[in-house]
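Below is query_17.txt, holding compact mmCIF, C-alpha atoms.
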```
# COMPACT_ATOMS: atom_id res chain seq x y z
CA MET A 47 -22.68 22.64 -65.34
CA THR A 48 -21.07 19.80 -63.42
CA THR A 49 -17.77 20.20 -65.25
CA THR A 50 -17.74 23.92 -64.51
CA LEU A 51 -18.38 23.31 -60.81
CA LEU A 52 -15.60 20.71 -60.68
CA TRP A 53 -13.13 23.00 -62.45
CA VAL A 54 -14.01 25.88 -60.12
CA SER A 55 -13.33 23.66 -57.12
CA LEU A 56 -10.01 22.59 -58.67
CA ILE A 57 -9.02 26.24 -59.07
CA LEU A 58 -10.06 27.01 -55.48
CA LEU A 59 -8.02 24.07 -54.21
CA SER A 60 -4.93 25.19 -56.12
CA LEU A 61 -5.34 28.69 -54.66
CA ALA A 62 -5.51 27.09 -51.21
CA ILE A 63 -2.29 25.18 -51.91
CA LEU A 64 -0.65 28.46 -52.93
CA GLY A 65 -1.71 30.02 -49.61
CA ALA A 66 -0.32 27.09 -47.65
CA LEU A 67 2.90 27.40 -49.68
CA TYR A 68 3.18 31.01 -48.48
CA ARG A 69 2.97 29.81 -44.86
CA LEU A 70 5.50 27.06 -45.63
CA LEU A 71 8.04 29.55 -46.97
CA LYS A 72 7.43 32.32 -44.44
CA GLY A 73 6.40 30.50 -41.23
CA PRO A 74 8.50 31.74 -38.33
CA SER A 75 8.84 28.40 -36.50
CA ILE A 76 9.40 24.87 -37.76
CA ALA A 77 6.00 23.82 -36.40
CA ASP A 78 4.36 26.35 -38.72
CA ARG A 79 6.08 24.76 -41.67
CA ILE A 80 5.04 21.29 -40.56
CA ALA A 81 1.41 22.39 -40.25
CA ALA A 82 1.62 23.98 -43.70
CA LEU A 83 3.12 20.80 -45.20
CA ASP A 84 0.36 18.73 -43.60
CA THR A 85 -2.27 21.05 -45.07
CA ILE A 86 -0.62 20.90 -48.50
CA GLY A 87 -0.65 17.10 -48.41
CA ILE A 88 -4.32 16.95 -47.48
CA LEU A 89 -5.29 19.53 -50.12
CA LEU A 90 -3.28 17.65 -52.75
CA LEU A 91 -5.15 14.48 -51.83
CA SER A 92 -8.53 16.12 -52.33
CA MET A 93 -7.34 17.75 -55.55
CA ILE A 94 -6.44 14.32 -56.91
CA ALA A 95 -9.91 13.04 -56.01
CA VAL A 96 -11.54 15.90 -57.92
CA LEU A 97 -9.14 15.42 -60.84
CA GLY A 98 -10.03 11.72 -60.91
CA ILE A 99 -13.75 12.33 -61.28
CA THR A 100 -13.19 15.20 -63.71
CA THR A 101 -11.24 13.00 -66.10
CA GLY A 102 -13.59 10.09 -65.53
CA THR A 103 -10.91 7.64 -64.48
CA ARG A 104 -10.57 5.80 -61.21
CA ALA A 105 -6.89 4.97 -61.62
CA TYR A 106 -5.96 7.92 -59.42
CA PHE A 107 -7.76 6.70 -56.32
CA ASP A 108 -4.74 4.64 -55.21
CA ILE A 109 -2.71 7.84 -54.99
CA ILE A 110 -5.15 9.25 -52.42
CA LEU A 111 -4.34 6.49 -49.95
CA VAL A 112 -0.59 6.73 -50.54
CA ILE A 113 -0.50 10.52 -50.10
CA GLY A 114 -2.67 10.28 -46.97
CA ILE A 115 -0.35 7.76 -45.34
CA LEU A 116 2.82 9.60 -46.37
CA THR A 117 1.50 12.93 -45.07
CA PHE A 118 0.61 11.45 -41.69
CA ILE A 119 3.93 9.64 -41.30
CA GLY A 120 5.88 12.72 -42.39
CA THR A 121 4.07 15.01 -39.97
CA THR A 122 4.50 12.56 -37.10
CA ALA A 123 8.20 12.09 -37.77
CA MET A 124 8.91 15.82 -38.06
CA ALA A 125 6.89 16.61 -34.91
CA ARG A 126 8.75 13.99 -32.90
CA TYR A 127 12.02 15.29 -34.27
CA ILE A 128 11.44 18.88 -33.14
CA GLU A 129 10.06 17.68 -29.80
CA ARG A 130 12.86 15.39 -28.66
CA GLY A 131 15.60 15.56 -31.26
CA VAL A 132 15.05 11.93 -32.23
CA VAL A 133 12.51 10.28 -34.51
CA LEU A 134 12.64 6.75 -33.13
CA GLU A 135 13.54 6.17 -29.51
CA SER A 136 15.57 3.16 -28.47
CA GLY A 137 13.77 3.16 -25.12
CA ASP A 138 16.24 1.21 -22.97
CA ASP A 139 18.90 3.72 -21.98
CA GLY A 140 16.62 6.53 -20.78
CA THR A 141 18.80 9.34 -22.13
CA ASN A 142 16.16 10.84 -24.37
CA HIS A 143 13.71 12.08 -21.75
CA MET B 82 -39.60 14.16 -64.27
CA SER B 83 -37.58 11.95 -66.55
CA LEU B 84 -34.80 9.67 -65.41
CA GLU B 85 -32.19 11.62 -67.34
CA MET B 86 -33.08 14.81 -65.55
CA MET B 87 -32.87 13.07 -62.18
CA GLU B 88 -29.38 11.88 -63.04
CA GLN B 89 -28.33 15.38 -63.99
CA ILE B 90 -29.70 16.78 -60.74
CA ILE B 91 -27.84 14.12 -58.72
CA GLU B 92 -24.62 14.97 -60.57
CA VAL B 93 -24.98 18.68 -59.83
CA VAL B 94 -25.76 18.02 -56.15
CA PHE B 95 -22.56 16.04 -55.65
CA ALA B 96 -20.56 18.60 -57.62
CA ILE B 97 -21.92 21.26 -55.25
CA LEU B 98 -20.83 19.11 -52.29
CA ILE B 99 -17.31 19.07 -53.77
CA LEU B 100 -17.41 22.82 -54.37
CA LEU B 101 -18.48 23.37 -50.74
CA GLY B 102 -15.50 21.32 -49.59
CA ALA B 103 -13.16 23.40 -51.74
CA VAL B 104 -14.59 26.64 -50.31
CA ILE B 105 -14.07 25.34 -46.76
CA ALA B 106 -10.49 24.39 -47.65
CA VAL B 107 -9.87 27.94 -48.93
CA ILE B 108 -11.31 29.40 -45.70
CA SER B 109 -9.07 27.16 -43.60
CA VAL B 110 -5.99 28.24 -45.56
CA LEU B 111 -7.06 31.85 -45.06
CA GLY B 112 -6.89 31.07 -41.34
CA LEU B 113 -3.48 29.47 -41.84
CA ILE B 114 -2.23 32.71 -43.41
CA ARG B 115 -3.91 35.30 -41.21
CA LEU B 116 -3.92 33.95 -37.64
CA PRO B 117 -1.17 35.21 -35.33
CA ASP B 118 0.53 32.16 -33.78
CA VAL B 119 1.25 28.51 -34.47
CA TYR B 120 -1.43 27.09 -32.15
CA LEU B 121 -4.23 29.18 -33.61
CA ARG B 122 -2.95 28.39 -37.07
CA SER B 123 -2.94 24.67 -36.45
CA HIS B 124 -6.47 25.01 -35.07
CA ALA B 125 -7.51 26.53 -38.40
CA ALA B 126 -5.48 24.10 -40.48
CA THR B 127 -6.50 20.80 -38.90
CA LYS B 128 -10.19 21.22 -38.13
CA SER B 129 -11.57 22.94 -41.16
CA ALA B 130 -9.16 21.34 -43.63
CA THR B 131 -10.34 17.95 -42.38
CA LEU B 132 -13.97 18.98 -42.87
CA GLY B 133 -13.24 20.29 -46.36
CA VAL B 134 -11.41 17.15 -47.42
CA LEU B 135 -14.15 14.98 -45.93
CA LEU B 136 -16.79 16.82 -47.96
CA ILE B 137 -14.70 16.57 -51.14
CA LEU B 138 -13.96 12.87 -50.74
CA LEU B 139 -17.60 12.10 -49.84
CA GLY B 140 -18.71 14.03 -52.92
CA ALA B 141 -16.22 12.12 -55.08
CA PHE B 142 -17.35 8.82 -53.52
CA PHE B 143 -21.04 9.42 -54.20
CA TYR B 144 -20.25 10.83 -57.63
CA THR B 145 -18.38 7.69 -58.68
CA TRP B 146 -21.11 5.59 -57.09
CA PHE B 147 -24.12 7.18 -58.79
CA VAL B 148 -22.66 8.58 -62.01
CA HIS B 149 -19.88 6.15 -62.90
CA ASP B 150 -21.70 3.29 -61.15
CA PHE B 151 -18.65 2.20 -59.21
CA PHE B 152 -18.50 1.63 -55.44
CA SER B 153 -15.00 2.80 -54.55
CA ILE B 154 -13.67 1.16 -51.39
CA LYS B 155 -10.41 3.07 -51.79
CA LEU B 156 -12.15 6.42 -51.41
CA LEU B 157 -14.00 5.17 -48.32
CA LEU B 158 -10.69 4.01 -46.83
CA GLY B 159 -9.16 7.39 -47.68
CA ILE B 160 -12.01 9.19 -45.89
CA LEU B 161 -11.61 6.97 -42.82
CA PHE B 162 -7.84 7.40 -42.79
CA VAL B 163 -7.90 11.19 -43.12
CA PHE B 164 -10.62 11.39 -40.49
CA ILE B 165 -8.51 9.41 -38.01
CA THR B 166 -5.03 10.75 -38.71
CA SER B 167 -5.54 14.45 -39.32
CA PRO B 168 -6.51 15.41 -35.72
CA VAL B 169 -3.75 13.17 -34.36
CA ALA B 170 -1.16 14.86 -36.56
CA GLY B 171 -2.41 18.31 -35.59
CA HIS B 172 -2.26 17.48 -31.88
CA LEU B 173 1.25 16.01 -32.16
CA ASN B 174 2.44 19.08 -34.04
CA ALA B 175 0.99 21.54 -31.53
CA ARG B 176 2.46 19.60 -28.58
CA ALA B 177 5.85 19.44 -30.26
CA ALA B 178 5.66 23.18 -30.90
CA TYR B 179 4.92 23.90 -27.24
CA ARG B 180 7.63 21.60 -25.96
CA SER B 181 10.21 22.99 -28.34
CA GLY B 182 9.47 26.43 -26.94
CA VAL B 183 7.39 28.29 -29.52
CA ALA B 184 5.90 31.31 -27.74
CA LEU B 185 2.17 31.90 -27.43
CA TRP B 186 0.50 34.91 -29.01
CA LYS B 187 0.59 38.04 -26.82
CA GLY B 188 -3.20 38.11 -26.55
CA SER B 189 -3.48 34.57 -25.12
CA VAL B 190 -5.15 34.65 -21.72
CA ARG B 191 -4.63 31.16 -20.33
CA ASP B 192 -1.84 28.59 -20.39
CA ASP B 193 -2.57 25.44 -18.39
CA PHE B 194 0.08 23.31 -20.02
CA ARG B 195 2.92 25.36 -18.48
CA GLU B 196 1.88 24.27 -14.97
CA ALA B 197 1.67 20.64 -16.07
CA ILE B 198 5.15 20.78 -17.59
CA LYS B 199 6.51 22.44 -14.44
CA GLN B 200 5.10 19.66 -12.27
CA GLU B 201 6.50 17.04 -14.63
CA ARG B 202 9.98 18.59 -14.46
CA GLN B 203 9.76 18.73 -10.64
CA LEU B 204 8.86 15.05 -10.50
CA GLU B 205 11.76 14.18 -12.79
CA ILE B 206 14.20 16.14 -10.63
CA GLU B 207 12.96 14.42 -7.47
CA GLU B 208 13.27 11.05 -9.15
CA ILE B 209 16.87 11.74 -10.10
CA LYS B 210 17.63 12.89 -6.54
CA ASN B 211 16.07 9.74 -5.09
CA ARG B 212 18.08 7.59 -7.46
CA ASN B 213 21.31 9.12 -6.21
```

Spell out the structure here as structure tokens.
Amino acid sequence: MTTTLLWVSLILLSLAILGALYRLLKGPSIADRIAALDTIGILLLSMIAVLGITTGTRAYFDIILVIGILTFIGTTAMARYIERGVVLESGDDGTNH
Amino acid sequence: MSLEMMEQIIEVVFAILILLGAVIAVISVLGLIRLPDVYLRSHAATKSATLGVLLILLGAFFYTWFVHDFFSIKLLLGILFVFITSPVAGHLNARAAYRSGVALWKGSVRDDFREAIKQERQLEIEEIKNRN
């Protein structure tokens, strides 16, 4: 019973990743693609959690933290890039306003 | 009721929590596919995806706690981190989209941010004039 429920949720999550992949490939603007990538990262993270408890190991739980941090940093960097054209501002010359 | 049966019931309850999270994630991706513009889409993607992931990670946390008898700090940290960063990332993305000139959906009725940006530009222009 439990195993079936966990496998069903794994299948649902992979379907959700497929849907987000559609938005990533099609999305008219870059911001759409960034939102889709963010969603894919978060879904991947939860999929790894479910996979970890399905296989009965807790070795995968490190990956959750790493993917969470990488997704956030990636989204932030891309958003700043499309907003200003730079990822990190130098801040002293005032040309990037 | 025997102890074994209790354990089985607890297992199934947390598995259902995980399943609920997966269903919410699917609904949020449905919104990501179907909604008409980037702001509405990011509304669907950030809010409900965060809720779905929170439910899944909480289910996994309690499952490892009660079934595998292991209190996983990593999963708790993951929950906290996703809960903090996901709205921030969504907000940053929507703001960047607006400032880089992505148009609103035709049916949108109100746009307060345009006035704010206009005022900001005016202030910048005046500042440059004063400097010269």

Exercise answer, chain B residues close to chain A, 7 Å and all atoms listed in the file, as a PyMOL selection string: chain B and resi 92-93+96-97+99-100+103-104+106-107+110+114+119+123+126+134+137-138+141+155-156+159+163+166+170+173-174+177-178+180-181

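What separates CA of Ser167 (chain B) from CA of Lys128 (chain B) is a distance of 8.3 Å.
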
Could you put an axis-aligned box around every listed atom of region 54-67 of chain A, padded by 4 Å on each side, and send me its centre and edge lengths in Å to one decimal, as JSON?
```
{"center_x": -5.6, "center_y": 26.3, "center_z": -53.9, "size_x": 24.9, "size_y": 15.4, "size_z": 20.5}
```

How far is it from CA of Ser109 (chain B) to CA of Val169 (chain B), in Å with one decimal? 17.6 Å

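The gap separating CA of Leu139 (chain B) from CA of Leu157 (chain B) is 8.0 Å, in Å to one decimal.
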
Taking only C-alpha atoms into account, which of B:His124, B:Arg212, B:Arg115, B:Arg176 comes nearest Ile198 (chain B)? B:Arg176

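The residue set within 9 Å of Val148 (chain B), counting all atoms listed in the file and dropping same-chain residues fewer than 5 places from it, reads Glu88, Ile91, Glu92 and Phe143 of chain B.
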
Excluding Arg195 (chain B) and its own-chain neighbours fewer than 4 positions away, which residues fall within 10 Å of it when counting only C-alpha atoms? Please give them as a ChimeraX atom specification. /B:179-180,191,199-201
